[in-house]
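Visitor: Quick one: the structure is below, questions incoming.
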Protein chains: 2
Amino acid sequence: MKIGELARRTGVSERSLRYYEQQGLLAADRSPGGQRDYPERAVDRVIHIQELFAAGLNSRKIAEILPCMRDADGGPSEKATPKLVADLTAERDRIDRMMRDLANSRAVLDEVITAAVQPRP
Amino acid sequence: MKIGELARRTGVSERSLRYYEQQGLLAADRSPGGQRDYPERAVDRVIHIQELFAAGLNSRKIAEILPCMRDADGGPSEKATPKLVADLTAERDRIDRMMRDLANSRAVLDEVITAAVQPRP
DNA sequence: GTAGAATCTGACATCAGTGTCAGCTTCAAG
DNA sequence: CTTGAAGCTGACACTGATGTCAGATTCTAC
């Protein structure tokens, strides 16, 4: 599959897909003329990458995690090192914190919205 | 209270406090010599600002919301306009989406961690 | 073979909050 | 008064994923 189709199917821009390759997150074969040729699994991989970006991880960390993830083909190709596990645990804690903060922020917004819709008598 | 104390009490850098003022988020009196003098309520206000930043709102939006928030003194000084309510509702939806995404990302991390700690037989 | 769509590389811009530094002024304690 | 800590302004850097553009090349359908 060429880059245009992958972009269309994942909703990720071609620019970003090339960036992912540059960061070592997403490999691609090349046609004789040099154009990228992605395997079918790239779709899931890109989606995984986006999930991790959405979680606030940077590309370096994502590059470490990806080989340890179970993908469409089955088990992970690498096992996480103790250090990576520690890092990931820290990230998970950070996400937990972020979710609590977001819940709080949501409540703040909600209060403003409610107050505006149903003003004090 | 001067800027150093406010920074210490809120955990926000002096640089950021000055930036908040520049963005119209945080007013301060000035001493005869020109130094900022914050009221006690500024502490809560800064915390509110941080909450909203953490929720992904930018300073423009925060500037719109702040006057509509209930602060230490009681009721909001302004009522949210219909447009602001619509904006805030959209933000709230965005936060909801983000929380779902984070929950998903958390599960992804958790899977990697679990797989590493307790490998398949 | 040729036209047009798709892809390539490389470079520069953006956003927005924050860090940091320089040079100067003000404040407070002795 | 003096001295050192704290504050002020203004400027520049950074981060890091993504947008965008230019100019060249490749692919695909006719």
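Numbering starts fresh at 1 for the residues of each chain in the structure tokens, the chains themselves are lettered A, B, ... in the order given, and ligands are numbered from 1 as they appear.
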Using DSSP on the backbone coordinates, identify the residues of segment 4-121 of chain A assigned to strand (DSSP E); present them as a PyMOL selection string.
Guide: chain A and resi 29-30+36-37
Visitor: Selection from above, N, CA and C atoms, as a PDB file, in the first residue's frame, can you write it?
Guide:
```
ATOM      1  N   ASP A  29       8.904  -0.605   3.004  1.00  0.00           N
ATOM      2  CA  ASP A  29       9.698  -1.004   1.836  1.00  0.00           C
ATOM      3  C   ASP A  29       9.660   0.122   0.822  1.00  0.00           C
ATOM      4  N   ARG A  30      10.543  -0.016  -0.160  1.00  0.00           N
ATOM      5  CA  ARG A  30      10.530   0.992  -1.202  1.00  0.00           C
ATOM      6  C   ARG A  30      10.338   0.325  -2.555  1.00  0.00           C
ATOM      7  N   ARG A  36       7.416   4.684  -1.053  1.00  0.00           N
ATOM      8  CA  ARG A  36       7.154   3.830   0.108  1.00  0.00           C
ATOM      9  C   ARG A  36       6.058   2.812  -0.186  1.00  0.00           C
ATOM     10  N   ASP A  37       6.286   1.601   0.321  1.00  0.00           N
ATOM     11  CA  ASP A  37       5.308   0.531   0.145  1.00  0.00           C
ATOM     12  C   ASP A  37       5.055  -0.098   1.509  1.00  0.00           C
TER      13      ASP A  37
END
```
Visitor: Can you work out which residues from chain B touch chain D at a cut-off of 10 Å (counting only C-alpha atoms (C1' of nucleotides)) and hand them back as a short mmCIF file (atom, residue, chain, number, x, y, z; two decimals) with N, CA and C atoms, in the first residue's frame?
Guide:
```cif
data_model
loop_
_atom_site.label_atom_id
_atom_site.label_comp_id
_atom_site.auth_asym_id
_atom_site.auth_seq_id
_atom_site.Cartn_x
_atom_site.Cartn_y
_atom_site.Cartn_z
N LYS B 2 3.92 39.42 47.10
CA LYS B 2 4.74 39.66 45.92
C LYS B 2 4.89 38.39 45.08
N ILE B 3 5.48 38.58 43.93
CA ILE B 3 5.43 37.50 42.94
C ILE B 3 6.16 36.25 43.41
N GLY B 4 7.23 36.45 44.16
CA GLY B 4 8.00 35.30 44.62
C GLY B 4 7.17 34.40 45.51
N GLU B 14 7.67 32.32 38.27
CA GLU B 14 7.43 33.75 38.14
C GLU B 14 7.23 34.11 36.67
N GLY B 33 7.07 51.41 43.52
CA GLY B 33 8.26 51.16 42.71
C GLY B 33 8.01 50.31 41.49
N GLY B 34 6.78 49.83 41.33
CA GLY B 34 6.45 49.08 40.14
C GLY B 34 6.41 47.57 40.33
N GLN B 35 6.58 47.11 41.55
CA GLN B 35 6.55 45.67 41.76
C GLN B 35 5.12 45.18 41.94
N ARG B 36 4.87 43.98 41.45
CA ARG B 36 3.51 43.42 41.51
C ARG B 36 3.11 43.10 42.95
#
```
Visitor: Superimpose chain A on chain B so that the squared distances between all in-order C-alpha pairs are minimised, and send the result as a compact mmCIF listing (two decimals) with C-alpha atoms, in the first residue's frame.
Guide:
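Once written, superposed.txt looks like this:
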```txt
# COMPACT_ATOMS: atom_id res chain seq x y z
CA MET A 1 1.76 39.47 48.28
CA LYS A 2 4.68 39.78 45.91
CA ILE A 3 5.39 37.60 42.98
CA GLY A 4 7.98 35.45 44.67
CA GLU A 5 5.60 34.36 47.39
CA LEU A 6 2.80 33.72 44.93
CA ALA A 7 5.14 31.59 42.88
CA ARG A 8 6.19 29.65 45.93
CA ARG A 9 2.65 29.12 47.15
CA THR A 10 1.26 28.01 43.80
CA GLY A 11 4.23 26.18 42.42
CA VAL A 12 4.01 28.28 39.27
CA SER A 13 7.13 30.05 38.06
CA GLU A 14 7.42 33.81 38.21
CA ARG A 15 7.87 33.75 34.49
CA SER A 16 4.49 32.13 34.04
CA LEU A 17 2.78 34.50 36.45
CA ARG A 18 4.02 37.46 34.41
CA TYR A 19 2.86 35.71 31.29
CA TYR A 20 -0.58 35.23 32.78
CA GLU A 21 -0.79 38.93 33.45
CA GLN A 22 0.27 39.70 29.90
CA GLN A 23 -2.50 37.44 28.64
CA GLY A 24 -5.06 39.19 30.81
CA LEU A 25 -5.58 36.23 33.11
CA LEU A 26 -4.23 37.64 36.33
CA ALA A 27 -4.30 41.26 37.39
CA ALA A 28 -1.97 42.75 39.95
CA ASP A 29 -1.66 46.06 41.69
CA ARG A 30 1.67 47.74 41.57
CA SER A 31 3.78 49.14 44.34
CA PRO A 32 4.95 52.74 43.95
CA GLY A 33 8.15 51.31 42.55
CA GLY A 34 6.34 49.17 40.01
CA GLN A 35 6.48 45.77 41.65
CA ARG A 36 3.46 43.50 41.44
CA ASP A 37 1.25 43.20 44.49
CA TYR A 38 -1.22 40.33 44.45
CA PRO A 39 -4.30 39.93 46.61
CA GLU A 40 -4.72 36.77 48.62
CA ARG A 41 -7.28 35.46 46.13
CA ALA A 42 -4.65 35.31 43.44
CA VAL A 43 -3.55 31.98 44.85
CA ASP A 44 -6.85 30.33 44.03
CA ARG A 45 -7.00 32.08 40.73
CA VAL A 46 -3.63 30.82 39.64
CA ILE A 47 -4.65 27.32 40.63
CA HIS A 48 -7.80 27.68 38.54
CA ILE A 49 -5.72 28.89 35.63
CA GLN A 50 -3.45 25.91 35.92
CA GLU A 51 -6.41 23.55 35.98
CA LEU A 52 -7.71 25.03 32.78
CA PHE A 53 -4.31 24.91 31.12
CA ALA A 54 -4.04 21.29 32.17
CA ALA A 55 -7.36 20.67 30.46
CA GLY A 56 -5.82 21.84 27.22
CA LEU A 57 -7.47 25.23 26.99
CA ASN A 58 -5.42 28.08 25.67
CA SER A 59 -5.04 31.44 27.34
CA ARG A 60 -7.61 33.16 25.15
CA LYS A 61 -10.31 30.71 26.16
CA ILE A 62 -9.26 30.84 29.78
CA ALA A 63 -9.52 34.61 29.71
CA GLU A 64 -13.12 34.24 28.59
CA ILE A 65 -14.00 31.71 31.23
CA LEU A 66 -12.42 33.23 34.30
CA PRO A 67 -14.93 36.07 34.75
CA CYS A 68 -17.71 33.49 34.72
CA MET A 69 -16.23 31.32 37.43
CA ARG A 70 -17.26 31.33 41.00
CA ASP A 71 -14.28 32.40 43.02
CA ALA A 72 -13.50 32.75 46.69
CA ASP A 73 -15.65 35.86 46.96
CA GLY A 74 -18.81 34.14 45.86
CA GLY A 75 -20.73 34.23 42.61
CA PRO A 76 -19.31 34.85 39.18
CA SER A 77 -18.86 38.44 38.20
CA GLU A 78 -20.18 37.77 34.71
CA LYS A 79 -22.59 35.37 33.17
CA ALA A 80 -21.42 33.26 30.30
CA THR A 81 -22.71 34.31 26.91
CA PRO A 82 -24.52 31.72 24.79
CA LYS A 83 -21.53 31.54 22.49
CA LEU A 84 -19.18 30.93 25.40
CA VAL A 85 -21.48 28.23 26.70
CA ALA A 86 -21.36 26.57 23.32
CA ASP A 87 -17.58 26.80 23.29
CA LEU A 88 -17.32 25.40 26.78
CA THR A 89 -19.64 22.57 25.93
CA ALA A 90 -17.41 21.75 22.99
CA GLU A 91 -14.40 21.84 25.29
CA ARG A 92 -16.14 19.57 27.73
CA ASP A 93 -16.85 17.12 24.96
CA ARG A 94 -13.23 17.33 23.91
CA ILE A 95 -12.17 16.52 27.45
CA ASP A 96 -14.53 13.58 27.52
CA ARG A 97 -13.00 12.34 24.32
CA MET A 98 -9.54 12.86 25.68
CA MET A 99 -10.35 10.92 28.81
CA ARG A 100 -11.63 8.03 26.76
CA ASP A 101 -8.48 8.12 24.65
CA LEU A 102 -6.32 8.21 27.72
CA ALA A 103 -8.13 5.26 29.20
CA ASN A 104 -7.44 3.41 26.00
CA SER A 105 -3.80 4.40 25.98
CA ARG A 106 -3.49 3.39 29.56
CA ALA A 107 -4.80 -0.03 28.70
CA VAL A 108 -2.25 -0.29 25.91
CA LEU A 109 0.58 0.55 28.28
CA ASP A 110 -0.82 -1.78 30.85
CA GLU A 111 -0.81 -4.62 28.41
CA VAL A 112 2.85 -4.09 27.59
CA ILE A 113 3.75 -3.86 31.25
CA THR A 114 1.79 -6.95 32.15
CA ALA A 115 3.23 -8.93 29.28
CA ALA A 116 6.74 -8.02 30.35
CA VAL A 117 6.26 -8.80 34.00
CA GLN A 118 4.38 -12.02 33.43
CA PRO A 119 5.59 -13.43 30.12
CA ARG A 120 3.66 -16.00 28.17
CA PRO A 121 4.58 -19.57 29.15
```
Visitor: Taking only C-alpha atoms (C1' of nucleotides) into account, report as a list of chain:residue names which residues of chain C lie within 8 Å of chain B.
Guide: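 Per the criterion, chain C yields C:DA16, C:DG17, C:DT18, C:DT26.
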Visitor: Only C-alpha atoms (C1' of nucleotides), please: the residues just picked out, written as a short mmCIF file (atom, residue, chain, number, x, y, z; two decimals), in the first residue's frame.
Guide:
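Below is the file result.cif, written as the result:
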```cif
data_model
loop_
_atom_site.label_atom_id
_atom_site.label_comp_id
_atom_site.auth_asym_id
_atom_site.auth_seq_id
_atom_site.Cartn_x
_atom_site.Cartn_y
_atom_site.Cartn_z
"C1'" DA C 16 1.94 28.54 23.06
"C1'" DG C 17 3.61 28.14 27.22
"C1'" DT C 18 7.82 28.15 29.52
"C1'" DT C 26 13.52 48.38 44.03
#
```
